[in-house]
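What follows is a short report on a single structure.
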Amino acid sequence: MVSVHLEISCIIKLMYISIDVGGSNIRIASFKSLESSNFEQLSKFEITNDYEKDLGNIIHAILNLTKEEIEGIGIGVPAVLNEEKTQILNANNIKSWTGKPLREDLLAKFNCPVILENDATAAALGEAIYGSGVNKSFLFIIWGTGIGGTFVNRVHDDSYAISSQLGHQIVKWNGLTDTCRQRGCFEAYCSGGGIERRFGKPASQLSEENWKEVEEIFAQGLLNSIAIYPVNLVIFSGGVALKQKKRIKNIGLILRKNLKMVPVPQLVLSKLGENAGVFGALTLLR
């Protein structure tokens, strides 16, 4: 009986699920191994900002991605989490998710380990293991619907993530009110959502004059961040950054002109591109 049990155990296939929740869409990937550099399948769909509907869509997508036994689920969410990383305290760009027990809801459905983390922190760790930040210290910025940032410090053979609320630093005192209800936030002026609210059109339709203003404010926010925590490398991901490569170059030129106290870092795009988040969510299970 023991030998039969062992033979059956050996043929059980395991699968890992990674979930990248953004302000506009959700990406879910399946992986056969925690060491894999390629996902098996990928599902992408728009977020509704109705938590119950979004949760149902996530569960449906996972069930369609794999029929195998799920060994673990990693999730990156654009939100502030409680200390135990079990609940969403504030999801600025997907407000219906605020206060929701996402980890417990998925745990109840799939009965496997579920690891929840801020999206920028998760994606930064993915970049440190699979992308442009291998064996390096850097600042990782998601420039999409919102703006998120995480510093990664490389010490010996380990990478340590230092989370931040980079997008909610004040760049204009008593300035525009952001969705977080602060006035003058970096995110209110430069995020994809902030750009659309401010100019009445998406980033892809901005004029060069509009972009010049956005670039200057973005460079200010980036300069403030680097002055506090100097790094030699800044890695960009997110929908706005990946679609507006020219803007990264222009922001670099502004930095070189104005940043005097610390070395100007190299600015690069994520090697993982729009999949940085799903690889990041996978690293949470390692």
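A note on labels: chains of the structure tokens are A, B, ... as shown, every chain counts residues from 1, and ligands are counted from 1 in their shown order.
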When you look at Asn49 of chain A with a cut-off of 8 Å (counting only C-alpha atoms), what residues show up, excluding the ones that are within fewer than 3 positions of it in the same chain? I need them as a PDB file with N, CA and C atoms, in the first residue's frame.
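selection-v9.pdb written:
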```
ATOM      1  N   ASP A  54     -14.899  41.737  -8.902  1.00  0.00           N
ATOM      2  CA  ASP A  54     -13.481  41.508  -9.208  1.00  0.00           C
ATOM      3  C   ASP A  54     -12.998  40.204  -8.588  1.00  0.00           C
ATOM      4  N   ILE A  94      -8.556  51.773  -6.265  1.00  0.00           N
ATOM      5  CA  ILE A  94      -9.643  50.785  -6.377  1.00  0.00           C
ATOM      6  C   ILE A  94     -10.372  50.774  -5.028  1.00  0.00           C
ATOM      7  N   LYS A  95     -11.102  51.833  -4.785  1.00  0.00           N
ATOM      8  CA  LYS A  95     -11.626  52.116  -3.453  1.00  0.00           C
ATOM      9  C   LYS A  95     -12.571  51.043  -2.916  1.00  0.00           C
ATOM     10  N   SER A  96     -13.270  50.325  -3.796  1.00  0.00           N
ATOM     11  CA  SER A  96     -14.193  49.295  -3.304  1.00  0.00           C
ATOM     12  C   SER A  96     -13.454  48.140  -2.633  1.00  0.00           C
ATOM     13  N   TRP A  97     -12.129  48.058  -2.833  1.00  0.00           N
ATOM     14  CA  TRP A  97     -11.331  46.997  -2.215  1.00  0.00           C
ATOM     15  C   TRP A  97     -10.886  47.364  -0.797  1.00  0.00           C
TER      16      TRP A  97
END
```
* All strand (DSSP E) residues (DSSP, backbone) inside segment 114-182 of chain A, as a list in words -> Val114, Ile115, Leu116, Glu117, Asn118, Phe138, Leu139, Phe140, Ile141, Ile142, Trp143, Ile147, Gly148, Gly149, Thr150, Phe151, Val152, Asn153, Arg154, Val155, Asp158, Ser159, Tyr160, Ala161, Ile162 and Ser163 of chain A
* A:Gln244, A:Ser163, A:Asn232, A:Gln169 ranked by distance to Ile217 of chain A, top pick (using only C-alpha atoms) ->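 Using only C-alpha atoms, Ile217 of chain A sits closest to A:Gln169.
In this model, the gap between atom CA of Asp157 of chain A and atom CA of Glu117 of chain A comes to 22.1 Å.
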* **Shell of 12 Å around Ile58 of chain A, only C-alpha atoms, local chain residues under 5 positions omitted, as JSON, numbers by chain** => {"A": [17, 18, 19, 20, 21, 25, 26, 27, 28, 29, 43, 44, 45, 46, 47, 48, 51, 52, 53, 63, 64, 65, 73, 75, 102, 105, 106, 109, 110]}
Could you save the residues just selected, with N, CA and C atoms, as a CSV table (one decimal), in the first residue's frame?
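The resulting file, selection-v5.csv, is reproduced below:
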```csv
chain,number,residue,atom,x,y,z
A,17,ILE,N,0.2,30.2,-8.5
A,17,ILE,CA,-0.6,31.3,-9.2
A,17,ILE,C,-0.1,32.6,-8.7
A,18,SER,N,0.2,33.5,-9.6
A,18,SER,CA,0.6,34.9,-9.3
A,18,SER,C,-0.5,35.9,-9.8
A,19,ILE,N,-0.8,36.9,-9.0
A,19,ILE,CA,-1.8,37.8,-9.4
A,19,ILE,C,-1.3,39.3,-9.2
A,20,ASP,N,-1.4,40.0,-10.3
A,20,ASP,CA,-0.9,41.4,-10.3
A,20,ASP,C,-2.2,42.3,-10.5
A,21,VAL,N,-2.6,43.0,-9.4
A,21,VAL,CA,-3.7,43.8,-9.5
A,21,VAL,C,-3.3,45.3,-9.7
A,25,ASN,N,-6.4,47.1,-14.7
A,25,ASN,CA,-6.6,45.7,-15.0
A,25,ASN,C,-5.9,44.8,-14.1
A,26,ILE,N,-6.3,43.5,-14.2
A,26,ILE,CA,-5.7,42.4,-13.4
A,26,ILE,C,-5.1,41.4,-14.3
A,27,ARG,N,-3.8,41.0,-13.9
A,27,ARG,CA,-3.1,40.0,-14.7
A,27,ARG,C,-2.9,38.8,-13.8
A,28,ILE,N,-3.2,37.6,-14.2
A,28,ILE,CA,-3.0,36.4,-13.4
A,28,ILE,C,-2.2,35.4,-14.3
A,29,ALA,N,-1.2,34.8,-13.7
A,29,ALA,CA,-0.3,33.8,-14.4
A,29,ALA,C,-0.2,32.5,-13.6
A,43,SER,N,-3.8,35.3,-17.9
A,43,SER,CA,-5.1,35.9,-18.2
A,43,SER,C,-5.1,37.3,-17.8
A,44,LYS,N,-5.7,38.2,-18.6
A,44,LYS,CA,-5.7,39.6,-18.3
A,44,LYS,C,-7.1,40.1,-18.5
A,45,PHE,N,-7.6,40.9,-17.6
A,45,PHE,CA,-9.0,41.4,-17.7
A,45,PHE,C,-9.1,42.8,-17.0
A,46,GLU,N,-10.0,43.6,-17.4
A,46,GLU,CA,-10.2,44.9,-16.7
A,46,GLU,C,-10.8,44.8,-15.3
A,47,ILE,N,-10.3,45.7,-14.5
A,47,ILE,CA,-10.9,45.7,-13.1
A,47,ILE,C,-12.2,46.5,-13.2
A,48,THR,N,-13.1,46.1,-12.4
A,48,THR,CA,-14.4,46.8,-12.3
A,48,THR,C,-14.5,47.8,-11.2
A,51,TYR,N,-15.6,45.2,-5.6
A,51,TYR,CA,-14.7,44.1,-5.1
A,51,TYR,C,-15.3,42.7,-5.3
A,52,GLU,N,-16.6,42.6,-5.1
A,52,GLU,CA,-17.2,41.2,-5.2
A,52,GLU,C,-17.1,40.7,-6.7
A,53,LYS,N,-17.4,41.6,-7.6
A,53,LYS,CA,-17.3,41.2,-9.0
A,53,LYS,C,-15.8,40.9,-9.4
A,63,LEU,N,-9.4,29.3,-12.0
A,63,LEU,CA,-10.0,28.0,-12.3
A,63,LEU,C,-9.8,27.6,-13.8
A,64,ASN,N,-9.9,28.7,-14.7
A,64,ASN,CA,-9.6,28.5,-16.1
A,64,ASN,C,-8.2,28.3,-16.5
A,65,LEU,N,-7.3,28.8,-15.6
A,65,LEU,CA,-5.9,28.7,-15.9
A,65,LEU,C,-5.3,27.4,-15.6
A,73,ILE,N,-0.6,31.0,-3.8
A,73,ILE,CA,-1.0,32.1,-4.5
A,73,ILE,C,-0.3,33.4,-4.0
A,75,ILE,N,0.0,37.6,-4.4
A,75,ILE,CA,-0.8,38.7,-5.0
A,75,ILE,C,-0.1,40.1,-4.7
A,102,LEU,N,-9.0,40.2,1.2
A,102,LEU,CA,-8.7,39.5,0.0
A,102,LEU,C,-8.0,38.2,0.3
A,105,ASP,N,-10.4,35.6,1.6
A,105,ASP,CA,-11.4,35.1,0.6
A,105,ASP,C,-10.8,34.1,-0.3
A,106,LEU,N,-9.5,34.3,-0.7
A,106,LEU,CA,-8.9,33.4,-1.6
A,106,LEU,C,-8.4,32.1,-0.9
A,109,LYS,N,-11.3,29.8,-0.6
A,109,LYS,CA,-11.7,29.2,-1.9
A,109,LYS,C,-10.7,28.1,-2.3
A,110,PHE,N,-9.4,28.4,-2.2
A,110,PHE,CA,-8.4,27.5,-2.7
A,110,PHE,C,-7.7,26.6,-1.7
```
* Long-range neighbours of Thr86 of chain A as a PyMOL selection string, 7 Å cut-off, only C-alpha atoms, 3 positions minimum in chain -> chain A and resi 82+101+103+116
With C-alpha atoms retained, could you export that selection as a CSV table (one decimal), in the first residue's frame?
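Here's the written file again-v9.csv:
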```
chain,number,residue,atom,x,y,z
A,82,ASN,CA,-2.2,46.0,7.6
A,101,PRO,CA,-10.1,40.5,3.4
A,103,ARG,CA,-6.2,37.0,1.4
A,116,LEU,CA,-0.5,39.5,0.0
```
Would you return as a PDB file with C-alpha atoms, in the first residue's frame the members of segment 22-202 of chain A that DSSP assigns to alpha helix (DSSP H) on this structure's backbone?
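As written to disk, out_25.pdb reads:
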```pdb
ATOM      1  CA  TYR A  51     -14.744  44.099  -5.069  1.00  0.00           C
ATOM      2  CA  GLU A  52     -17.231  41.235  -5.211  1.00  0.00           C
ATOM      3  CA  LYS A  53     -17.263  41.220  -9.015  1.00  0.00           C
ATOM      4  CA  ASP A  54     -13.481  41.508  -9.208  1.00  0.00           C
ATOM      5  CA  LEU A  55     -13.043  38.669  -6.699  1.00  0.00           C
ATOM      6  CA  GLY A  56     -15.421  36.515  -8.733  1.00  0.00           C
ATOM      7  CA  ASN A  57     -13.470  37.299 -11.922  1.00  0.00           C
ATOM      8  CA  ILE A  58     -10.189  36.399 -10.216  1.00  0.00           C
ATOM      9  CA  ILE A  59     -11.523  33.066  -8.991  1.00  0.00           C
ATOM     10  CA  HIS A  60     -13.012  32.290 -12.415  1.00  0.00           C
ATOM     11  CA  ALA A  61      -9.710  33.128 -14.138  1.00  0.00           C
ATOM     12  CA  ILE A  62      -7.679  30.930 -11.769  1.00  0.00           C
ATOM     13  CA  LEU A  63      -9.997  27.977 -12.332  1.00  0.00           C
ATOM     14  CA  ASN A  64      -9.648  28.451 -16.094  1.00  0.00           C
ATOM     15  CA  LEU A  65      -5.862  28.741 -15.916  1.00  0.00           C
ATOM     16  CA  LEU A 102      -8.722  39.488  -0.017  1.00  0.00           C
ATOM     17  CA  ARG A 103      -6.248  37.001   1.444  1.00  0.00           C
ATOM     18  CA  GLU A 104      -8.904  35.252   3.544  1.00  0.00           C
ATOM     19  CA  ASP A 105     -11.370  35.141   0.648  1.00  0.00           C
ATOM     20  CA  LEU A 106      -8.861  33.372  -1.623  1.00  0.00           C
ATOM     21  CA  LEU A 107      -7.662  31.125   1.196  1.00  0.00           C
ATOM     22  CA  ALA A 108     -11.230  29.979   1.810  1.00  0.00           C
ATOM     23  CA  LYS A 109     -11.720  29.186  -1.868  1.00  0.00           C
ATOM     24  CA  PHE A 110      -8.434  27.460  -2.719  1.00  0.00           C
ATOM     25  CA  ASP A 119       2.102  45.804  -5.876  1.00  0.00           C
ATOM     26  CA  ALA A 120       5.213  47.975  -6.211  1.00  0.00           C
ATOM     27  CA  THR A 121       7.013  45.974  -3.522  1.00  0.00           C
ATOM     28  CA  ALA A 122       6.129  42.662  -5.153  1.00  0.00           C
ATOM     29  CA  ALA A 123       7.086  43.834  -8.656  1.00  0.00           C
ATOM     30  CA  ALA A 124      10.368  45.268  -7.365  1.00  0.00           C
ATOM     31  CA  LEU A 125      11.321  41.879  -5.912  1.00  0.00           C
ATOM     32  CA  GLY A 126      10.427  40.275  -9.240  1.00  0.00           C
ATOM     33  CA  GLU A 127      12.714  42.739 -10.995  1.00  0.00           C
ATOM     34  CA  ALA A 128      15.481  41.927  -8.490  1.00  0.00           C
ATOM     35  CA  ILE A 129      15.274  38.199  -9.262  1.00  0.00           C
ATOM     36  CA  TYR A 130      14.237  38.039 -12.920  1.00  0.00           C
ATOM     37  CA  PHE A 186       2.891  63.652  -6.852  1.00  0.00           C
ATOM     38  CA  GLU A 187       0.266  61.177  -8.049  1.00  0.00           C
ATOM     39  CA  ALA A 188      -2.352  63.904  -8.575  1.00  0.00           C
ATOM     40  CA  TYR A 189      -0.100  65.579 -11.153  1.00  0.00           C
ATOM     41  CA  CYS A 190       1.750  62.734 -12.844  1.00  0.00           C
ATOM     42  CA  GLY A 192      -2.175  58.154 -15.474  1.00  0.00           C
ATOM     43  CA  GLY A 193      -5.340  58.749 -13.473  1.00  0.00           C
ATOM     44  CA  GLY A 194      -4.150  62.167 -12.321  1.00  0.00           C
ATOM     45  CA  ILE A 195      -3.240  63.200 -15.859  1.00  0.00           C
ATOM     46  CA  GLU A 196      -6.689  62.260 -17.138  1.00  0.00           C
ATOM     47  CA  ARG A 197      -8.457  64.119 -14.325  1.00  0.00           C
ATOM     48  CA  ARG A 198      -6.256  67.153 -14.757  1.00  0.00           C
ATOM     49  CA  PHE A 199      -6.171  67.520 -18.539  1.00  0.00           C
TER      50      PHE A 199
END
```
* Asked: Which distance in Å separates atom CA of Pro265 of chain A and atom CA of Asn153 of chain A, to one decimal?
  ->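 It comes out at 14.6 Å.
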* **Nearest to Tyr229 of chain A by atom-to-atom distance, counting only C-alpha atoms, from A:Gly23, A:Pro263, A:Gly131, A:Pro202** =>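 Of all the options, A:Pro263 lies closest to Tyr229 of chain A.
In this model, the gap between atom CA of Gly149 of chain A and atom CA of Gln165 of chain A comes to 6.6 Å.
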* To do: Find the spatial neighbours of Ile88 of chain A, counting only C-alpha atoms, within a cut-off of 6 Å - ignore same-chain residues fewer than 6 positions away - and output them as a count of residues only.
  => 4
